Each structure stands twice: as structure tokens, then as C-alpha cells.
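A.B. asks: Contents are CSV, C-alpha atoms; file name run_13.csv:
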```
chain,number,residue,atom,x,y,z
B,1,MET,CA,-32.2,-5.5,-1.9
B,2,HIS,CA,-31.6,-8.2,0.7
B,3,TRP,CA,-32.5,-6.2,3.8
B,4,ASN,CA,-36.0,-5.5,5.0
B,5,SER,CA,-35.0,-3.5,8.1
B,6,LEU,CA,-32.0,-1.8,9.6
B,7,SER,CA,-31.7,-4.5,12.4
B,8,GLU,CA,-31.6,-7.2,9.7
B,9,PHE,CA,-28.8,-5.2,8.0
B,10,ILE,CA,-26.9,-4.9,11.3
B,11,ASN,CA,-27.4,-8.6,12.2
B,12,MET,CA,-26.1,-9.8,8.8
B,13,GLY,CA,-27.9,-13.1,9.1
B,14,GLY,CA,-26.2,-13.8,12.5
B,15,TYR,CA,-22.7,-12.9,11.3
B,16,GLY,CA,-22.9,-9.3,12.2
B,17,ARG,CA,-19.9,-9.1,14.5
B,18,TYR,CA,-17.6,-10.8,12.1
B,19,VAL,CA,-18.7,-8.8,9.0
B,20,TRP,CA,-18.9,-5.5,10.8
B,21,GLY,CA,-15.8,-6.3,12.8
B,22,SER,CA,-13.8,-6.7,9.6
B,23,TYR,CA,-15.1,-3.5,8.0
B,24,ILE,CA,-14.6,-1.5,11.2
B,25,VAL,CA,-11.0,-2.8,11.7
B,26,THR,CA,-10.2,-1.8,8.1
B,27,PHE,CA,-11.7,1.6,8.5
B,28,VAL,CA,-10.0,2.3,11.8
B,29,LEU,CA,-6.6,1.2,10.5
B,30,LEU,CA,-6.7,3.2,7.3
B,31,THR,CA,-8.0,6.3,9.2
B,32,ALA,CA,-5.2,5.8,11.7
B,33,GLU,CA,-2.6,5.7,8.9
B,34,ILE,CA,-3.9,9.1,7.6
B,35,ILE,CA,-3.9,10.6,11.1
B,36,ALA,CA,-0.4,9.4,11.8
B,37,LEU,CA,0.9,10.8,8.5
B,38,ARG,CA,-0.7,14.2,9.3
B,39,ALA,CA,0.9,14.2,12.8
B,40,ARG,CA,4.3,13.4,11.2
B,41,LYS,CA,3.8,16.4,8.8
B,42,ARG,CA,2.9,18.7,11.6
B,43,ARG,CA,5.9,17.5,13.6
B,44,LEU,CA,8.2,18.2,10.7
B,45,GLU,CA,6.7,21.7,10.2
B,46,ARG,CA,7.2,22.5,13.8
B,47,THR,CA,10.8,21.5,14.1
B,48,GLY,CA,12.1,22.5,10.7
B,49,PRO,CA,13.2,25.9,9.3
B,50,VAL,CA,10.6,28.3,8.2
B,51,ARG,CA,11.3,28.3,4.5
B,52,SER,CA,12.0,25.3,2.4
B,53,SER,CA,13.0,25.4,-1.3
B,54,LEU,CA,10.3,22.7,-1.8
B,55,GLU,CA,7.5,25.0,-0.8
B,56,THR,CA,8.4,27.4,-3.7
B,57,ARG,CA,8.5,24.4,-6.0
B,58,ASP,CA,5.0,23.6,-5.1
B,59,GLN,CA,3.9,27.1,-6.1
B,60,GLU,CA,5.8,27.0,-9.4
B,61,LEU,CA,4.1,23.9,-10.8
V,1,MET,CA,20.6,11.7,-25.3
V,2,SER,CA,17.2,11.4,-26.7
V,3,LYS,CA,15.4,14.3,-28.3
V,4,SER,CA,12.1,13.5,-26.6
V,5,LYS,CA,10.2,16.6,-25.6
V,6,ILE,CA,9.2,15.2,-22.2
V,7,HIS,CA,12.2,14.8,-19.9
V,8,TRP,CA,11.2,11.8,-17.9
V,9,TYR,CA,14.5,11.8,-15.9
V,10,LYS,CA,13.6,15.2,-14.7
V,11,TYR,CA,11.0,13.6,-12.4
V,12,ALA,CA,13.5,11.2,-11.1
V,13,ALA,CA,15.0,14.1,-9.1
V,14,PRO,CA,13.2,14.3,-5.8
V,15,VAL,CA,13.1,18.1,-6.0
V,16,ASN,CA,11.1,17.9,-9.2
V,17,PHE,CA,8.9,15.0,-8.2
V,18,TYR,CA,7.9,16.7,-5.0
V,19,PRO,CA,5.4,19.2,-6.6
V,20,LEU,CA,4.2,16.7,-9.2
V,21,ALA,CA,3.3,14.3,-6.4
V,22,GLY,CA,1.5,17.1,-4.6
V,23,LYS,CA,-0.6,17.8,-7.8
V,24,MET,CA,-1.5,14.1,-8.1
V,25,ILE,CA,-2.7,13.5,-4.5
V,26,PRO,CA,-6.1,15.2,-4.8
V,27,PHE,CA,-6.9,13.2,-8.0
V,28,PHE,CA,-6.2,9.9,-6.4
V,29,THR,CA,-7.9,10.9,-3.2
V,30,GLY,CA,-11.1,11.7,-5.2
V,31,LEU,CA,-10.9,8.3,-6.9
V,32,THR,CA,-10.4,6.6,-3.6
V,33,ILE,CA,-13.6,8.1,-2.2
V,34,ILE,CA,-15.7,7.4,-5.3
V,35,LEU,CA,-14.5,3.8,-5.7
V,36,PHE,CA,-15.0,3.0,-1.9
V,37,ALA,CA,-18.5,4.4,-2.1
V,38,ILE,CA,-19.5,2.4,-5.2
V,39,GLY,CA,-17.7,-0.7,-3.9
V,40,LEU,CA,-19.2,-0.7,-0.5
V,41,TYR,CA,-22.7,-0.1,-1.9
V,42,MET,CA,-22.2,-3.1,-4.3
V,43,SER,CA,-20.9,-5.4,-1.5
V,44,PHE,CA,-23.8,-4.8,0.8
V,45,PHE,CA,-26.8,-4.1,-1.5
V,46,VAL,CA,-26.0,-5.6,-4.9
V,47,ALA,CA,-24.0,-8.8,-4.3
V,48,PRO,CA,-26.4,-11.7,-3.5
V,49,VAL,CA,-26.2,-13.8,-0.3
V,50,ASP,CA,-23.9,-16.9,-0.6
V,51,PHE,CA,-25.9,-20.2,-0.5
V,52,GLN,CA,-23.3,-21.9,1.8
V,53,GLN,CA,-21.8,-19.2,3.9
V,54,GLY,CA,-24.8,-16.8,4.2
V,55,HIS,CA,-23.8,-13.2,4.7
V,56,SER,CA,-20.5,-14.0,6.4
V,57,TYR,CA,-18.8,-14.3,3.0
V,58,ARG,CA,-19.2,-10.5,2.6
V,59,ILE,CA,-15.8,-10.2,4.4
V,60,ILE,CA,-14.3,-11.4,1.1
V,61,PHE,CA,-14.8,-7.9,-0.4
V,62,ILE,CA,-12.3,-6.4,2.0
V,63,HIS,CA,-10.2,-9.5,2.8
V,64,VAL,CA,-9.1,-10.3,-0.8
V,65,PRO,CA,-8.3,-6.8,-1.9
V,66,ALA,CA,-6.3,-6.3,1.4
V,67,ALA,CA,-4.4,-9.5,0.9
V,68,TRP,CA,-3.6,-8.7,-2.7
V,69,MET,CA,-2.5,-5.2,-1.8
V,70,GLY,CA,-0.1,-6.6,0.8
V,71,MET,CA,1.5,-8.8,-1.8
V,72,PHE,CA,1.5,-6.2,-4.7
V,73,LEU,CA,2.9,-3.5,-2.5
V,74,TYR,CA,5.7,-5.8,-1.3
V,75,VAL,CA,6.8,-6.6,-4.8
V,76,LEU,CA,6.6,-2.9,-5.8
V,77,MET,CA,8.6,-2.0,-2.7
V,78,ALA,CA,11.3,-4.5,-3.6
V,79,ILE,CA,11.4,-3.3,-7.2
V,80,TYR,CA,11.8,0.4,-6.0
V,81,ALA,CA,14.4,-0.6,-3.4
V,82,GLY,CA,16.3,-2.6,-6.0
V,83,ILE,CA,16.3,0.3,-8.5
V,84,GLY,CA,17.4,2.7,-5.8
V,85,TRP,CA,20.2,0.4,-4.8
V,86,ALA,CA,21.4,-0.6,-8.3
V,87,PHE,CA,21.3,2.9,-9.9
V,88,ASN,CA,21.8,5.0,-6.9
V,89,ALA,CA,18.4,6.6,-7.6
V,90,ARG,CA,17.4,8.3,-4.4
V,91,LEU,CA,13.7,8.8,-5.3
V,92,ALA,CA,13.2,5.1,-5.9
V,93,SER,CA,14.7,4.3,-2.5
V,94,MET,CA,12.4,6.9,-0.9
V,95,MET,CA,9.4,5.3,-2.7
V,96,ALA,CA,10.3,1.9,-1.2
V,97,THR,CA,10.5,3.5,2.3
V,98,ALA,CA,7.1,5.2,1.7
V,99,ILE,CA,5.4,2.0,0.5
V,100,ALA,CA,6.4,-0.2,3.5
V,101,PRO,CA,3.9,1.1,6.2
V,102,THR,CA,0.9,0.9,3.8
V,103,GLY,CA,1.9,-2.6,2.8
V,104,ALA,CA,2.2,-3.6,6.4
V,105,ILE,CA,-1.2,-2.2,7.2
V,106,PHE,CA,-2.9,-4.0,4.3
V,107,THR,CA,-1.2,-7.3,5.3
V,108,PHE,CA,-2.4,-6.8,8.9
V,109,ILE,CA,-5.9,-6.1,7.6
V,110,SER,CA,-5.9,-9.3,5.6
V,111,LEU,CA,-4.8,-11.3,8.6
V,112,VAL,CA,-7.4,-9.8,10.9
V,113,THR,CA,-10.3,-10.0,8.4
V,114,GLY,CA,-9.2,-13.5,7.5
V,115,SER,CA,-9.4,-14.7,11.1
V,116,LEU,CA,-12.7,-12.9,11.6
V,117,TRP,CA,-13.9,-14.9,8.6
V,118,GLY,CA,-12.2,-18.1,9.8
V,119,LYS,CA,-14.2,-18.2,13.0
V,120,PRO,CA,-17.7,-18.6,11.3
V,121,ALA,CA,-16.3,-20.6,8.3
V,122,TRP,CA,-13.9,-23.0,10.0
V,123,GLY,CA,-14.7,-22.6,13.7
V,124,VAL,CA,-11.3,-21.2,14.6
V,125,PHE,CA,-9.7,-17.7,14.4
V,126,TRP,CA,-6.3,-19.0,13.5
V,127,VAL,CA,-4.5,-22.2,12.3
V,128,TRP,CA,-0.9,-22.5,11.4
V,129,ASP,CA,-1.7,-23.3,7.8
V,130,ALA,CA,0.6,-22.6,4.9
V,131,ARG,CA,-1.2,-19.5,3.6
V,132,MET,CA,-1.7,-17.9,6.9
V,133,THR,CA,1.8,-18.6,8.2
V,134,SER,CA,3.4,-17.2,5.0
V,135,THR,CA,1.2,-14.1,5.2
V,136,LEU,CA,2.3,-13.6,8.8
V,137,ILE,CA,5.9,-13.9,7.6
V,138,LEU,CA,5.1,-11.2,5.0
V,139,MET,CA,4.0,-8.9,7.8
V,140,PHE,CA,7.2,-9.6,9.7
V,141,LEU,CA,9.2,-8.8,6.6
V,142,TYR,CA,7.5,-5.4,6.3
V,143,ILE,CA,8.1,-4.8,10.0
V,144,GLY,CA,11.8,-5.9,9.6
V,145,PHE,CA,12.2,-3.6,6.6
V,146,ILE,CA,10.8,-0.6,8.6
V,147,SER,CA,12.7,-1.2,11.8
V,148,LEU,CA,16.0,-2.0,9.9
V,149,GLN,CA,15.7,1.3,8.1
V,150,SER,CA,14.8,3.3,11.1
V,151,SER,CA,17.8,1.9,13.1
V,152,ILE,CA,20.4,3.2,10.6
V,153,ASP,CA,21.0,6.9,10.8
V,154,ASP,CA,22.8,7.3,7.4
V,155,THR,CA,19.8,7.4,5.0
V,156,ARG,CA,21.7,6.0,2.0
V,157,ARG,CA,23.0,3.1,4.0
V,158,ALA,CA,19.5,2.5,5.4
V,159,ASP,CA,18.2,2.4,1.8
V,160,ARG,CA,20.8,-0.2,0.8
V,161,ALA,CA,20.3,-2.4,3.9
V,162,GLY,CA,16.5,-2.2,3.3
V,163,ALA,CA,16.9,-3.1,-0.3
V,164,VAL,CA,18.8,-6.3,0.5
V,165,LEU,CA,16.1,-7.4,3.0
V,166,ALA,CA,13.3,-6.5,0.6
V,167,LEU,CA,14.8,-8.4,-2.3
V,168,VAL,CA,15.6,-11.5,-0.3
V,169,GLY,CA,12.1,-11.4,1.2
V,170,VAL,CA,10.4,-11.2,-2.2
V,171,ILE,CA,10.7,-15.0,-2.4
V,172,ASN,CA,7.9,-15.2,0.1
V,173,VAL,CA,5.3,-13.6,-2.3
V,174,PRO,CA,5.1,-16.6,-4.7
V,175,ILE,CA,5.1,-18.9,-1.7
V,176,ILE,CA,2.0,-17.1,-0.4
V,177,TYR,CA,0.4,-17.2,-3.8
V,178,PHE,CA,1.0,-20.9,-4.5
V,179,SER,CA,0.6,-22.1,-0.9
V,180,VAL,CA,-3.0,-23.2,-1.5
V,181,GLN,CA,-1.8,-25.5,-4.3
V,182,TRP,CA,1.5,-26.7,-2.8
V,183,TRP,CA,0.2,-27.7,0.6
V,184,ASN,CA,-3.0,-29.2,1.9
V,185,THR,CA,-4.6,-26.3,3.6
V,186,LEU,CA,-7.7,-25.2,5.3
V,187,HIS,CA,-7.7,-22.0,3.3
V,188,GLN,CA,-9.8,-22.0,0.2
V,189,GLY,CA,-8.2,-22.0,-3.2
V,190,ALA,CA,-7.7,-18.9,-5.5
V,191,THR,CA,-10.9,-17.0,-6.0
V,192,LEU,CA,-9.7,-16.0,-9.5
V,193,THR,CA,-7.9,-18.3,-11.8
V,194,ALA,CA,-7.1,-17.8,-15.5
V,195,ARG,CA,-9.8,-20.1,-16.7
V,196,SER,CA,-12.7,-19.6,-14.4
V,197,PHE,CA,-14.4,-17.3,-11.9
V,198,LYS,CA,-15.9,-19.1,-8.9
V,199,MET,CA,-18.2,-16.2,-8.0
V,200,ALA,CA,-21.3,-14.5,-9.2
V,201,PRO,CA,-20.5,-11.6,-11.6
V,202,SER,CA,-21.9,-9.0,-9.1
V,203,MET,CA,-19.7,-10.4,-6.3
V,204,LEU,CA,-16.7,-10.3,-8.6
V,205,SER,CA,-17.3,-6.7,-9.7
V,206,ALA,CA,-17.8,-5.5,-6.1
V,207,MET,CA,-14.5,-7.1,-5.3
V,208,PHE,CA,-12.8,-5.5,-8.2
V,209,VAL,CA,-14.2,-2.0,-7.5
V,210,LEU,CA,-12.9,-2.3,-3.9
V,211,MET,CA,-9.6,-3.6,-5.2
V,212,GLY,CA,-9.4,-0.4,-7.3
V,213,ALA,CA,-10.3,1.7,-4.3
V,214,CYS,CA,-7.4,0.1,-2.3
V,215,TRP,CA,-5.0,0.9,-5.1
V,216,MET,CA,-6.1,4.5,-5.4
V,217,TYR,CA,-5.8,4.8,-1.6
V,218,SER,CA,-2.3,3.3,-1.6
V,219,ILE,CA,-1.2,5.6,-4.4
V,220,ALA,CA,-2.5,8.7,-2.6
V,221,ILE,CA,-1.1,7.9,0.8
V,222,VAL,CA,2.3,6.7,-0.6
V,223,LEU,CA,2.7,10.0,-2.6
V,224,ALA,CA,1.8,12.0,0.5
V,225,ARG,CA,4.4,10.0,2.5
V,226,VAL,CA,7.1,10.2,-0.1
V,227,ARG,CA,6.6,14.0,-0.1
V,228,LEU,CA,7.2,14.0,3.6
V,229,ILE,CA,10.3,11.8,3.3
V,230,ILE,CA,11.7,14.1,0.6
V,231,LYS,CA,11.2,17.1,2.9
V,232,GLU,CA,12.7,15.3,5.9
V,233,ARG,CA,15.8,14.3,3.9
V,234,GLU,CA,16.1,17.7,2.3
V,235,ARG,CA,16.4,19.1,5.8
V,236,GLU,CA,19.2,16.8,6.6
V,237,ALA,CA,21.2,17.3,3.4
V,238,PRO,CA,19.7,19.6,0.7
V,239,TRP,CA,22.2,18.5,-2.0
V,240,LEU,CA,21.0,14.9,-1.9
V,241,VAL,CA,17.5,16.0,-2.9
V,242,GLU,CA,18.7,18.5,-5.6
V,243,THR,CA,20.9,16.1,-7.6
V,244,HIS,CA,19.6,13.8,-10.3
V,245,PRO,CA,20.2,10.1,-10.2
V,246,PHE,CA,22.4,8.5,-12.8
V,247,GLU,CA,24.8,11.3,-12.3
V,248,GLY,CA,27.5,9.5,-10.5
V,249,GLU,CA,28.9,10.4,-7.1
V,250,ILE,CA,27.0,11.9,-4.3
V,251,GLY,CA,27.8,15.5,-3.8
V,252,ILE,CA,28.2,16.6,-7.4
V,253,ARG,CA,25.8,19.5,-7.6
V,254,LYS,CA,24.2,20.1,-11.0
V,255,SER,CA,21.6,22.6,-11.5
V,256,VAL,CA,18.1,21.2,-12.0
V,257,SER,CA,17.3,23.4,-15.0
V,258,GLU,CA,20.5,22.3,-16.7
V,259,GLY,CA,19.6,18.6,-16.2
V,260,ALA,CA,16.2,19.2,-17.6
V,261,GLN,CA,17.4,20.6,-20.9
```
Could the structure of this file be written out as C-alpha cells, please?
C.D. replies:
Amino acid sequence: MHWNSLSEFINMGGYGRYVWGSYIVTFVLLTAEIIALRARKRRLERTGPVRSSLETRDQEL
Amino acid sequence: MSKSKIHWYKYAAPVNFYPLAGKMIPFFTGLTIILFAIGLYMSFFVAPVDFQQGHSYRIIFIHVPAAWMGMFLYVLMAIYAGIGWAFNARLASMMATAIAPTGAIFTFISLVTGSLWGKPAWGVFWVWDARMTSTLILMFLYIGFISLQSSIDDTRRADRAGAVLALVGVINVPIIYFSVQWWNTLHQGATLTARSFKMAPSMLSAMFVLMGACWMYSIAIVLARVRLIIKEREREAPWLVETHPFEGEIGIRKSVSEGAQ
């Protein structure tokens, strides 16, 4: 264990903003990708026909 | 044809791959969560502090896997696009289209985390050095692929145009990889080489676990995106999704059960 306190963990030996900046950017971008994909799915479901042959395929497998 | 019990070609048909992909997504999502949890724990609590760079080096655990994913996914995208083009295999082309956004995001992450690491390590966020410039070009190639495909309405033409761009651009990947050897550069050399590891074992294993996490994430999200692409294209032209590849001209409709036997 390298950390004696939470503030030490956040400070990262003075490099906190670079280290946490990197991890936060990564987290935000990957989360945004998932959200964007969900939005695209909803958009497709809203505009498309009610029944798709692919839906029944899902239930068959 | 072969008498194998498993009909591999069956899953080359989008309509058959669609439910299979759906079944695989939860598995890869689970692995993503587990590997990220283990990998992040290792990178902050197990891996020791670097004697030269202090804690700033911990950016490596996200920077290197992201940079590798950007390159791996580009090669994979080019291979799928090439197969789709050469064999008229629709699912392969759809896979290429599905990979591109994820590859672009990982490349962008590698650029951002790299510059956040560059500031404490070199004193600057960005320099026009060989590795960084070639990685920036990689991101432009991804963006070019995505915008080229979205600018063409006919999906099969979009697939072919994208394949040409992806295959020509693949030359950039070895340039990125060898850039640190070919040119004098500020960027450090390869972390892993065939003969030696330049890192402590616990640092290395943390990086590998996060590498695995990024792979699992990519597989899960690409499968989810390819399912959406199949669905979108099915809506435009159902017969394109129903037919098998390797069957010749578009429009010949052969029943799926017949193809599977």
C-alpha cells in the first residue's frame, strides 16, 4: 500500500491532475460511447416498423 | 462441401450472426467489468511507485492499452473491410464499420493521456514527433473512414470505398510501431520487446490486465454496434441480410435453413 490517506491518494505525489485527468477522460469517453450507442438503438426502435424478423431470431437461439 | 457438423458459414449470414452476437454480449460485458476492477486495483494499489517519474507514470496503465487498441482495431478493421470487399461478405463489411468508432475513441484516448503524461515528463503537452504525429494520422484515418462511409447512401458502395481507404491506411500502423526506432524522438521506446521487459512484474501485469479489459470492452461494444448495423440495413433491404456470402450475385434469395444443411 502506497497511500496513508485519501488526500495523498488524490494528490498522487503532486501529479494528481495528470493522472486523474487521464483516467477521467478515459472513463468519460467510454461511457459516452455506450450512451451514444443506446441512443442510436432507441432512435432505430422509434422510427422502424414494429416487428422485425431479427427479434424472433433472438428468441429462437 | 465439408461434412463438418458445425456449419461455420452459417454465422457468416447476418441474420444468423445477429442472435449469436446478442448471446455473447453479456459474457464479454461481465469480463470487461471484472478485468477493469482487477486492473485498476493493481495499477493504484499493487504497482510500486516509479523511482524516476513518481506517480505520474501510472498514466501508462491506460495510455499503453489504449494506444495498442487503436492500432489493433485498425488492422482488424482493415482485414474485415478487405474480406468484405474481396468475397462480397456483408457481415465482414458491417464488422469493419462497427469497429471504426471504437478504434477512433481508443486512439483519441491514447493521444489525450499521452499529452497529459507528456506535460510532467517532458514539460510540454504536444510535440510534432514521429510517434505522436503518426498516431494523429491514425485518428484522421478512422475519422476519414467513418465520414466517407456515412457520405455514401448505397451501403455496399460505402463498404467498398471504406475498404480501399482502410487497406491503404494500414501502412500507417507499422510506421507508428517502428517510429521510435526509425526517427530520433522524444517518445520513449517500446515498453515491451521480445527479449526484455523494462518494467517491474507487478506494473507489467497491471498493464496486461487492463489491456485484456480494453479488449473485452471492444468486443462487447463492437458486437452491440454490429447488431444495430444489421438491424438498420435489414430495414433498408431485408434480402441483403438474409442471404449468405459466397453465394454470388446480390438478390439471389436462398433460404437460411437450406444454406445451413
A.B. asks: Taking only C-alpha atoms into account, produce a table as CSV in which each residue of chain B with an atom at most 8 Å from an atom of chain V appears once, together with its shortest atom pair and the distance in Å to one decimal, ordered by chain and rising number.
C.D. replies:
```
residue,atom,partner,partner_atom,distance
B:Met1,CA,V:Phe45,CA,5.6
B:His2,CA,V:Phe45,CA,6.7
B:Met12,CA,V:His55,CA,5.8
B:Gly13,CA,V:His55,CA,6.0
B:Tyr15,CA,V:Ser56,CA,5.5
B:Gly16,CA,V:Ser56,CA,7.8
B:Tyr18,CA,V:Leu116,CA,5.4
B:Val19,CA,V:Ile59,CA,5.6
B:Gly21,CA,V:Leu116,CA,7.4
B:Ser22,CA,V:Thr113,CA,5.0
B:Tyr23,CA,V:Ile62,CA,7.2
B:Val25,CA,V:Ile109,CA,7.3
B:Thr26,CA,V:Ile109,CA,6.1
B:Leu29,CA,V:Ile105,CA,7.2
B:Leu30,CA,V:Ile105,CA,7.7
B:Glu33,CA,V:Thr102,CA,7.8
B:Ile34,CA,V:Ile221,CA,7.5
B:Leu37,CA,V:Arg225,CA,7.0
B:Lys41,CA,V:Leu228,CA,6.7
B:Leu44,CA,V:Glu232,CA,7.2
B:Gly48,CA,V:Arg235,CA,7.4
B:Leu54,CA,V:Val15,CA,6.8
B:Arg57,CA,V:Pro19,CA,6.1
B:Asp58,CA,V:Pro19,CA,4.7
B:Leu61,CA,V:Pro19,CA,6.4
```
A.B. asks: Using all atoms listed in the file for the distances, tell me which of V:Met216, V:Met132, V:Ala81, V:Ala100 is nearest to V:Ile25.
C.D. replies: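 Closest to V:Ile25, using all atoms listed in the file: V:Met216.
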A.B. asks: Restricting the calculation to all atoms listed in the file, which member of V:Leu136, V:Leu111, V:Ala37, V:Leu167 is positioned closest to V:Ala96?
C.D. replies: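 Using all atoms listed in the file, the shortest distance to V:Ala96 belongs to V:Leu167.
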A.B. asks: Which value, in Å to one decimal, gives the distance between atom CA of V:Met203 and atom CA of V:Ser43?
C.D. replies: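 Rounded to one decimal, the two atoms are 7.0 Å apart.
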A.B. asks: Just checking: using all atoms listed in the file, which residue out of V:Gly189, V:Gly169, V:Gly162, V:Gly30 ends up closest to V:Ile137?
C.D. replies: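 Closest candidate: V:Gly169.
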A.B. asks: For V:Leu35, work out the shell of residues within 7 Å, counting all atoms listed in the file and skipping chain neighbours fewer than 6 positions away, then give it as an MDAnalysis selection string.
C.D. replies: chainID V and resid 209:210 212:213
